[in-house]
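Single-structure report; data block below.
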There are 4 protein chains.
Amino acid sequence: MYFSTAVSEVVEGEVNLRGYSLREIMSEATYADGAFLSITGRIPTPGERRLVDAILNSLLDHGYVASTITAARYIASGNPQFIPAVAGGILAAGSNTLSPEHSYHLLQRTAELRGDESLEVGADRIVDEYVAARKRLPGFGHPIHKTSDFRADILFELADELGLAGESIKQFQAIHEAFVRKTGRTGIPINIDGALAAIGSDLGWSANQTVAFAVLSVLPGLMAHVIEEIEQNRPLRYIQDGEYIGSPMTEHLATTAATTGA
Amino acid sequence: MYFSTAVSEVVEGEVNLRGYSLREIMSEATYADGAFLSITGRIPTPGERRLVDAILNSLLDHGYVASTITAARYIASGNPQFIPAVAGGILAAGSNTLSPEHSYHLLQRTAELRGDESLEVGADRIVDEYVAARKRLPGFGHPIHKTSDFRADILFELADELGLAGESIKQFQAIHEAFVRKTGRTGIPINIDGALAAIGSDLGWSANQTVAFAVLSVLPGLMAHVIEEIEQNRPLRYIQDGEYIGSPMTEHLATTAATTGA
Amino acid sequence: MYFSTAVSEVVEGEVNLRGYSLREIMSEATYADGAFLSITGRIPTPGERRLVDAILNSLLDHGYVASTITAARYIASGNPQFIPAVAGGILAAGSNTLSPEHSYHLLQRTAELRGDESLEVGADRIVDEYVAARKRLPGFGHPIHKTSDFRADILFELADELGLAGESIKQFQAIHEAFVRKTGRTGIPINIDGALAAIGSDLGWSANQTVAFAVLSVLPGLMAHVIEEIEQNRPLRYIQDGEYIGSPMTEHLATTAATTGA
Amino acid sequence: MYFSTAVSEVVEGEVNLRGYSLREIMSEATYADGAFLSITGRIPTPGERRLVDAILNSLLDHGYVASTITAARYIASGNPQFIPAVAGGILAAGSNTLSPEHSYHLLQRTAELRGDESLEVGADRIVDEYVAARKRLPGFGHPIHKTSDFRADILFELADELGLAGESIKQFQAIHEAFVRKTGRTGIPINIDGALAAIGSDLGWSANQTVAFAVLSVLPGLMAHVIEEIEQNRPLRYIQDGEYIGSPMTEHLATTAATTGA
């Protein structure tokens with residue numbers, strides 16, 4: 001066999017999804033269960049289910065303050081179809097937005113630097129490394145939510161209440177404290193990407209599994225914007241506030257002969 | 001203002017999502033609620049919530065029997081990153097798969113043909129139109145589930161139990177009956193795309209809103225396959241069972257001069 | 001065999017591309033030849049080669065006045081990688097921009113309406129049909145180039161000079177004349193999409209083949225914008241001039257019990 | 001101004017493309033000129049033009065032996081539209097295929113390791129680093145072209161003939177020699193990705209500029225495959241040779257109560 005998978009098996013009249021009957025999942029489970037099972041391979045505990053629903057609702061929409069939405073609306077303006085615009089919006093998820101994997105890797109690097117020392121020592125070392133390299137720490141700061149990112153706060157509180165907060169959350173918070181202490185900058189709170197990375201890590205998810213839940217969370221809002229853009233029907237939006245800073249139109253091809261290589 | 005939206009508003013420390021506080025949605029609602037609110041603009045009733053969870057679980061995975069999955073795995077094989085492969089998998093949703101909008105348009109066309117007549121008359125007319133044009137009816141048939149599509153059956157039963165089944169489901173079923181009566185073909189049941197279109201229509205969703213829920217439903221399985229493909233790390237899969245049916249390699253550029261246009 | 005293709009065959013040390021050795025194509029042919037051969041199955045004549053180079057240069061860039069570019073730059077702002085941004089920019093090609101296929105279908109519909117009558121009769125009938133349905137004619141008008149689209153003009157003149165102008169160009173021009181005569185609107189010239197459709201049709205290309213050349217033409221400029229955006233390194237651009245027109249944040253989930261369906 | 005660009009400026013009746021009139025480019029230049037100008041900011045010399053045409057033809061098609069093609073055909077099988085399938089095929093370009101940027105970064109890392117020493121010392125050091133880390137060297141090896149990659153050979157010869165071969169090509173060849181000497185493996189030649197990186201570097205292109213030309217080169221073949229797939233009209237291809245290696249369908253949700261979190 002060329003391909004092998006542990007996700008599902010389809011036979012006539014049934015789908016085996018990670019050991020469960022899809023009939024049973026459809027009839028009795030919530031989407032939080034179904035998504036958790038598909039992505040992680042098991043059914044969540046009641047506490048995990050509550051936390052996952054909160055995670056899945058945390059990014060439902062942040063509207064124009066999101067490159068994903070903007071990109072999707074411009075695509076829909078040129079090509080007013082649902083599928084290409086949704087796919088294109090997802091492509092804007094990367095190192096500058098919707099990227100818990102970068103925060104996840106920060107945690108992994110911190111663990112390397114920390115070795116057998118305390119969380120605080122790990123935090124000091126990673127902040128020193130980033131400050132020395134003049135690099136922006138992933139998982140911190142938001143253009144609008146400047147004193148704290150309420151979505152991160154709610155998830156951290158909920159994880160704590162449900163007994164699901166572990167060392168990764170503590171480590172991320174220690175990094176924030178070290179950052180404020182060393183730089184004096186207080187307007188750069190842990191953001192939702194950082195929170196998702198820390199919680200995903202505490203739940204035992206890989207970086208990509210964590211991103212999977214983040215992407216599911218943004219999609220309903222992204223989809224709503226795409227549908228709205230198609231219904232508003234303003235064809236061919238384009239950038240209004242751009243300027244040209246290149247050369248004036250004074251160049252010329254030397255001669256036709258030269259340009260055709262003859 | 002150039003852009004306007006009714007989806008959300010972001011201010012420091014809060015997001016207004018369709019009139020609700022995102023804080024409250026995160027703290028108290030399930031994802032079915034949050035997605036329903038984002039896409040349709042209101043919170044579901046308890047019955048709608050149960051039906052939406054079943055819809056969102058109906059396509060969690062159908063594995064290799066899906067072009068979306070196949071496309072995504074090939075993309076991840078060349079470019080082992082999560083985001084591009086997920087976006088690329090979504091792009092495979094169209095007239096041949098994951099396309100409740102085509103079934104939705106079938107219902108709209110049936111309503112035109114039916115006018116003030118009965119559902120049965122509408123069904124007869126649409127089947128006649130498709131049979132005469134030798135076109136495949138969207139929303140019918142599945143390569144594996146040949147006698148019935150259990151996912152469609154479960155959704156129809158649940159809609160009925162919850163008192164949410166309306167005229168669109170009945171119309172779709174009447175179309176199926178007319179199709180079997182007129183063509184004698186019994187192995188082509190209403191499939192999940194057809195069921196989603198009929199239920200979406202009965203819930204008052206637009207075609208694109210219906211597709212939105214369908215896409216959310218396939219994503220957890222699609223994401224699981226992408227993660228599995230990246231972890232299996234078999235670089236550069238390619239088609240093994242292809243053949244070349246074109247010209248033998250006997251052609252030549254006339255002369256260099258001709259090809260450079262000199 | 002599951003897959004079959006007439007495009008190419010790869011064996012050790014050689015590629016047969018539509019009957020030609022890729023070695024020979026690399027060594028002696030221009031890209032216009034190679035692209036023409038790949039897409040249409042034959043080497044262009046000298047006149048076709050000149051016209052194809054002009055076509056391939058016609059859309060090299062139209063900068064901010066293009067949804068494709070805008071979408072791509074927003075994607076690169078969130079996810080500063082070349083490949084996803086280029087792919088996402090292409091997704092913005094559709095019924096409102098970069099869509100010669102819509103103009104191509106206009107020609108096909110005109111041919112149906114015309115039957116055995118003159119080009120002028122075909123033109124009158126298609127304009128009447130669109131005006132009656134209050135639909136915008138594809139292939140006409142541009143937000144900046146209002147009196148004429150110089151790119152269309154250059155291509156038409158070149159096709160004429162090279163003896164490659166055929167009935168489709170004449171038909172498109174007749175449609176334009178009928179449109180001006182019937183509506184009195186003079187600021188809506190044949191645009192580059194319309195010109196590409198007419199020329200592609202006269203060259204014997206299908207609608208998709210015509211779109212293929214149009215997409216190749218926009219890509220160098222699109223790529224240049226993506227690279228520029230990545231190098232400018234302004235993370236997370238978002239829409240600055242948006243407004244919220246939805247409900248105030250006054251709604252509440254009835255009770256927790258209700259929202260969890262208990 | 002929020003956006004600024006040096007690529008182009010559009011005014012009524014004219015486009016200034018990097019200092020040149022688009023009218024002049026359309027009327028007198030080849031696509032190799034237009035693409036080179038758009039991406040690099042200047043018109044190529046006659047030698048560069050010949051080399052760029054060869055580069056742009058080097059990847060015209062490698063058919064089924066390419067994840068890009070496979071992904072695109074599966075997308076078109078589900079969603080038989082040109083634009084989404086072409087965009088999706090591009091998304092498969094990454095670390096395992098069509099990725100001259102990885103070879104480009106190999107050259108950059110070699111330069112760091114080499115310092116002021118000879119090309120041979122640089123080559124020894126980079127090979128040692130990769131062999132010690134058990135990492136695959138990017139830019140080497142091909143599943144079909146095992147003794148040498150003729151496309152790389154042709155480009156290197158042509159660059160040499162045209163006087164455009166510089167230190168990067170020599171460095172890449174030295175890395176290959178060191179690799180064969182140290183590992184004894186002779187069936188892993190410099191491949192087309194490695195060649196494109198070396199030549200792009202010698203031409204003064206950045207990594208992304210080099211990838212831009214590589215993507216342009218694959219597109220005509222990719223587009224031809226998409227058109228062929230749409231015309232062959234085999235809806236919903238899926239993987240035939242897959243197997244399920246996960247759990248048997250023996251798991252059950254504990255109770256309905258538990259799964260709804262009540």
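Here's how to read the names in the structure tokens: chain A, B, ... by the order shown, residue numbers from 1 in each chain, ligand numbers from 1 in the order shown.
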Which residues of chain C are close to chain A, meaning at most 6 Å apart when you count only C-alpha atoms, and how do they look as a compact mmCIF listing (two decimals) with N, CA, C and O atoms, in the first residue's frame?
```txt
# COMPACT_ATOMS: atom_id res chain seq x y z
N TYR C 64 -1.62 48.63 -7.40
CA TYR C 64 -2.68 48.72 -6.40
C TYR C 64 -4.07 48.69 -7.03
O TYR C 64 -5.05 48.46 -6.33
N VAL C 65 -4.13 48.94 -8.35
CA VAL C 65 -5.42 48.93 -9.03
C VAL C 65 -5.77 47.49 -9.42
O VAL C 65 -6.19 47.21 -10.54
N ALA C 66 -5.59 46.57 -8.52
CA ALA C 66 -5.80 45.16 -8.82
C ALA C 66 -6.04 44.43 -7.52
O ALA C 66 -5.21 44.49 -6.60
N SER C 67 -7.15 43.73 -7.43
CA SER C 67 -7.44 42.96 -6.23
C SER C 67 -6.43 41.84 -6.01
O SER C 67 -6.14 41.46 -4.88
N ALA C 71 -4.71 41.49 -2.41
CA ALA C 71 -4.87 40.25 -1.65
C ALA C 71 -3.52 39.64 -1.32
O ALA C 71 -3.25 39.24 -0.18
N TYR C 74 -1.65 41.57 1.45
CA TYR C 74 -2.18 41.33 2.79
C TYR C 74 -1.79 39.94 3.30
O TYR C 74 -1.50 39.76 4.48
N ILE C 75 -1.81 38.96 2.41
CA ILE C 75 -1.38 37.62 2.84
C ILE C 75 0.08 37.66 3.27
O ILE C 75 0.44 37.14 4.33
N GLY C 78 0.67 39.06 6.76
CA GLY C 78 0.43 38.13 7.88
C GLY C 78 1.40 36.97 7.87
O GLY C 78 1.91 36.56 8.90
N ASN C 79 1.67 36.46 6.69
CA ASN C 79 2.48 35.26 6.50
C ASN C 79 3.56 35.56 5.48
O ASN C 79 3.38 35.33 4.30
N PRO C 84 2.74 31.04 -0.46
CA PRO C 84 1.32 31.23 -0.12
C PRO C 84 0.77 32.56 -0.64
O PRO C 84 -0.39 32.63 -1.07
N GLY C 88 -2.30 32.85 -3.16
CA GLY C 88 -3.48 33.59 -2.71
C GLY C 88 -3.84 34.72 -3.65
O GLY C 88 -5.02 35.00 -3.88
N LEU C 91 -5.87 33.53 -6.50
CA LEU C 91 -7.26 33.19 -6.15
C LEU C 91 -8.21 34.37 -6.33
O LEU C 91 -9.43 34.19 -6.40
N ALA C 92 -7.68 35.59 -6.38
CA ALA C 92 -8.53 36.77 -6.57
C ALA C 92 -8.96 36.96 -8.02
O ALA C 92 -9.74 37.86 -8.34
N ALA C 93 -8.43 36.13 -8.92
CA ALA C 93 -8.84 36.22 -10.33
C ALA C 93 -10.21 35.58 -10.49
O ALA C 93 -10.37 34.39 -10.24
N GLY C 94 -11.18 36.37 -10.88
CA GLY C 94 -12.53 35.82 -11.01
C GLY C 94 -13.43 36.78 -11.76
O GLY C 94 -12.94 37.61 -12.52
N SER C 95 -14.71 36.71 -11.52
CA SER C 95 -15.64 37.40 -12.41
C SER C 95 -15.43 38.91 -12.43
O SER C 95 -15.83 39.57 -13.37
N ASN C 96 -14.79 39.48 -11.39
CA ASN C 96 -14.60 40.93 -11.37
C ASN C 96 -13.22 41.40 -11.80
O ASN C 96 -13.00 42.61 -11.91
N THR C 97 -12.28 40.51 -12.01
CA THR C 97 -10.95 40.94 -12.45
C THR C 97 -10.21 39.76 -13.07
O THR C 97 -10.41 38.62 -12.65
N PRO C 235 4.63 44.18 9.50
CA PRO C 235 3.79 43.05 9.89
C PRO C 235 2.34 43.46 10.14
O PRO C 235 2.07 44.51 10.72
N LEU C 236 1.45 42.57 9.72
CA LEU C 236 0.07 42.64 10.14
C LEU C 236 -0.61 43.93 9.72
O LEU C 236 -1.19 44.65 10.53
N TYR C 238 -3.62 45.94 8.42
CA TYR C 238 -5.04 45.66 8.42
C TYR C 238 -5.80 46.87 7.91
O TYR C 238 -5.23 47.94 7.71
N ILE C 239 -7.09 46.66 7.66
CA ILE C 239 -7.90 47.72 7.08
C ILE C 239 -8.07 48.85 8.09
O ILE C 239 -8.46 48.63 9.23
```
Those of range 5-251 of chain D in DSSP strand (DSSP E or B), formatted as a list in words: Thr5, Ser8, Glu9, Val10, Val11, Glu14, Val15, Asn16, Leu17, Tyr20, Ser21, Gly94, Thr97, Phe140, Ile190, Gly242, Glu243 and Tyr244 of chain D
Which of range 89-193 of chain C DSSP labels helix (DSSP H, G or I), written as a PyMOL selection string: chain C and resi 89-91+100-114+119-132+150-161+167-183+192-193
For Ser206 in chain B, list every protein, DNA or RNA residue within 9 Å, evaluated using only C-alpha atoms, and leave out those in the same chain fewer than 5 positions away; present the list as an mmCIF file with C-alpha atoms, in the first residue's frame.
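Written out: out-v1.cif:
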```cif
data_model
loop_
_atom_site.group_PDB
_atom_site.id
_atom_site.type_symbol
_atom_site.label_atom_id
_atom_site.label_comp_id
_atom_site.auth_asym_id
_atom_site.auth_seq_id
_atom_site.Cartn_x
_atom_site.Cartn_y
_atom_site.Cartn_z
ATOM 1 C CA GLU B 101 -24.461 24.763 -3.066
ATOM 2 C CA TYR B 104 -29.121 24.096 -3.036
ATOM 3 C CA GLY B 200 -29.663 24.355 5.362
ATOM 4 C CA SER B 201 -32.524 25.630 3.267
ATOM 5 C CA VAL B 211 -21.313 25.535 2.467
#
```
Spatial neighbours of range 28-33 of chain B, max dist 7 Å, only C-alpha atoms, sep filter under 4 positions, as an MDAnalysis selection string: (chainID A and resid 31:32 53 56:57) or (chainID B and resid 24 37 43:44 49 52:53) or (chainID C and resid 256 259:260)
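Rounded to one decimal, CA of Glu161 in chain D and CA of Leu253 in chain B lie 21.5 Å from each other.
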8 Å contact set for range 168-181 of chain B, only C-alpha atoms, chain neighbours under 3 positions out, as a VMD selection string: chain B and resid 107 119 to 120 122 to 124 126 to 127 156 165 184 to 186 189 to 190 194 to 195 198 to 199 201 to 202
How would the residues just picked look written out with N, CA, C and O atoms as a PDB file, in the first residue's frame?
```
ATOM      1  N   LEU B 107     -32.614  22.879  -5.631  1.00  0.00           N
ATOM      2  CA  LEU B 107     -33.867  23.203  -4.941  1.00  0.00           C
ATOM      3  C   LEU B 107     -34.453  24.515  -5.459  1.00  0.00           C
ATOM      4  O   LEU B 107     -35.671  24.637  -5.628  1.00  0.00           O
ATOM      5  N   LEU B 119     -45.238  19.421  -4.423  1.00  0.00           N
ATOM      6  CA  LEU B 119     -43.842  19.006  -4.394  1.00  0.00           C
ATOM      7  C   LEU B 119     -43.580  17.912  -5.428  1.00  0.00           C
ATOM      8  O   LEU B 119     -42.511  17.876  -6.044  1.00  0.00           O
ATOM      9  N   GLU B 120     -44.552  17.024  -5.613  1.00  0.00           N
ATOM     10  CA  GLU B 120     -44.372  15.910  -6.550  1.00  0.00           C
ATOM     11  C   GLU B 120     -44.261  16.436  -7.986  1.00  0.00           C
ATOM     12  O   GLU B 120     -43.457  15.939  -8.776  1.00  0.00           O
ATOM     13  N   GLY B 122     -43.188  19.417  -8.821  1.00  0.00           N
ATOM     14  CA  GLY B 122     -41.858  20.031  -8.897  1.00  0.00           C
ATOM     15  C   GLY B 122     -40.789  18.980  -9.131  1.00  0.00           C
ATOM     16  O   GLY B 122     -39.886  19.145  -9.961  1.00  0.00           O
ATOM     17  N   ALA B 123     -40.901  17.882  -8.398  1.00  0.00           N
ATOM     18  CA  ALA B 123     -39.916  16.800  -8.517  1.00  0.00           C
ATOM     19  C   ALA B 123     -39.930  16.212  -9.925  1.00  0.00           C
ATOM     20  O   ALA B 123     -38.875  15.999 -10.533  1.00  0.00           O
ATOM     21  N   ASP B 124     -41.115  15.935 -10.438  1.00  0.00           N
ATOM     22  CA  ASP B 124     -41.205  15.380 -11.795  1.00  0.00           C
ATOM     23  C   ASP B 124     -40.546  16.311 -12.814  1.00  0.00           C
ATOM     24  O   ASP B 124     -39.799  15.878 -13.686  1.00  0.00           O
ATOM     25  N   ILE B 126     -38.232  18.719 -12.427  1.00  0.00           N
ATOM     26  CA  ILE B 126     -36.778  18.878 -12.365  1.00  0.00           C
ATOM     27  C   ILE B 126     -36.078  17.615 -12.854  1.00  0.00           C
ATOM     28  O   ILE B 126     -35.064  17.691 -13.562  1.00  0.00           O
ATOM     29  N   VAL B 127     -36.621  16.448 -12.508  1.00  0.00           N
ATOM     30  CA  VAL B 127     -35.992  15.210 -12.986  1.00  0.00           C
ATOM     31  C   VAL B 127     -36.091  15.134 -14.505  1.00  0.00           C
ATOM     32  O   VAL B 127     -35.119  14.785 -15.187  1.00  0.00           O
ATOM     33  N   PHE B 156     -31.550  13.678   8.431  1.00  0.00           N
ATOM     34  CA  PHE B 156     -32.983  13.803   8.145  1.00  0.00           C
ATOM     35  C   PHE B 156     -33.815  13.349   9.362  1.00  0.00           C
ATOM     36  O   PHE B 156     -34.786  14.007   9.737  1.00  0.00           O
ATOM     37  N   ALA B 165     -37.531  19.784  10.377  1.00  0.00           N
ATOM     38  CA  ALA B 165     -37.632  19.393   8.970  1.00  0.00           C
ATOM     39  C   ALA B 165     -38.725  20.205   8.297  1.00  0.00           C
ATOM     40  O   ALA B 165     -39.828  20.345   8.838  1.00  0.00           O
ATOM     41  N   GLY B 184     -35.505   4.073 -12.786  1.00  0.00           N
ATOM     42  CA  GLY B 184     -35.322   2.709 -12.308  1.00  0.00           C
ATOM     43  C   GLY B 184     -34.012   2.482 -11.578  1.00  0.00           C
ATOM     44  O   GLY B 184     -33.685   1.362 -11.199  1.00  0.00           O
ATOM     45  N   ARG B 185     -33.256   3.567 -11.377  1.00  0.00           N
ATOM     46  CA  ARG B 185     -31.931   3.400 -10.760  1.00  0.00           C
ATOM     47  C   ARG B 185     -32.063   3.548  -9.246  1.00  0.00           C
ATOM     48  O   ARG B 185     -32.415   4.611  -8.740  1.00  0.00           O
ATOM     49  N   THR B 186     -31.708   2.472  -8.520  1.00  0.00           N
ATOM     50  CA  THR B 186     -31.937   2.475  -7.071  1.00  0.00           C
ATOM     51  C   THR B 186     -30.651   2.663  -6.271  1.00  0.00           C
ATOM     52  O   THR B 186     -30.705   2.871  -5.069  1.00  0.00           O
ATOM     53  N   PRO B 189     -28.572   7.046  -3.862  1.00  0.00           N
ATOM     54  CA  PRO B 189     -29.352   7.691  -2.789  1.00  0.00           C
ATOM     55  C   PRO B 189     -29.047   9.180  -2.661  1.00  0.00           C
ATOM     56  O   PRO B 189     -28.072   9.673  -3.232  1.00  0.00           O
ATOM     57  N   ILE B 190     -29.886   9.881  -1.921  1.00  0.00           N
ATOM     58  CA  ILE B 190     -29.556  11.259  -1.518  1.00  0.00           C
ATOM     59  C   ILE B 190     -28.267  11.196  -0.713  1.00  0.00           C
ATOM     60  O   ILE B 190     -28.150  10.412   0.227  1.00  0.00           O
ATOM     61  N   GLY B 194     -26.531  16.652  -0.636  1.00  0.00           N
ATOM     62  CA  GLY B 194     -27.950  16.920  -0.838  1.00  0.00           C
ATOM     63  C   GLY B 194     -28.657  17.159   0.482  1.00  0.00           C
ATOM     64  O   GLY B 194     -29.481  18.081   0.609  1.00  0.00           O
ATOM     65  N   ALA B 195     -28.341  16.326   1.466  1.00  0.00           N
ATOM     66  CA  ALA B 195     -28.983  16.475   2.776  1.00  0.00           C
ATOM     67  C   ALA B 195     -28.628  17.818   3.408  1.00  0.00           C
ATOM     68  O   ALA B 195     -29.487  18.512   3.977  1.00  0.00           O
ATOM     69  N   ALA B 198     -30.650  20.590   1.748  1.00  0.00           N
ATOM     70  CA  ALA B 198     -32.064  20.597   2.110  1.00  0.00           C
ATOM     71  C   ALA B 198     -32.247  21.121   3.537  1.00  0.00           C
ATOM     72  O   ALA B 198     -33.127  21.953   3.816  1.00  0.00           O
ATOM     73  N   ILE B 199     -31.406  20.646   4.444  1.00  0.00           N
ATOM     74  CA  ILE B 199     -31.521  21.079   5.847  1.00  0.00           C
ATOM     75  C   ILE B 199     -31.134  22.552   5.976  1.00  0.00           C
ATOM     76  O   ILE B 199     -31.799  23.320   6.672  1.00  0.00           O
ATOM     77  N   SER B 201     -31.411  24.853   3.803  1.00  0.00           N
ATOM     78  CA  SER B 201     -32.524  25.630   3.267  1.00  0.00           C
ATOM     79  C   SER B 201     -33.675  25.687   4.274  1.00  0.00           C
ATOM     80  O   SER B 201     -34.259  26.751   4.510  1.00  0.00           O
ATOM     81  N   ASP B 202     -33.977  24.561   4.908  1.00  0.00           N
ATOM     82  CA  ASP B 202     -35.055  24.555   5.900  1.00  0.00           C
ATOM     83  C   ASP B 202     -34.707  25.398   7.139  1.00  0.00           C
ATOM     84  O   ASP B 202     -35.601  25.916   7.809  1.00  0.00           O
TER      85      ASP B 202
END
```
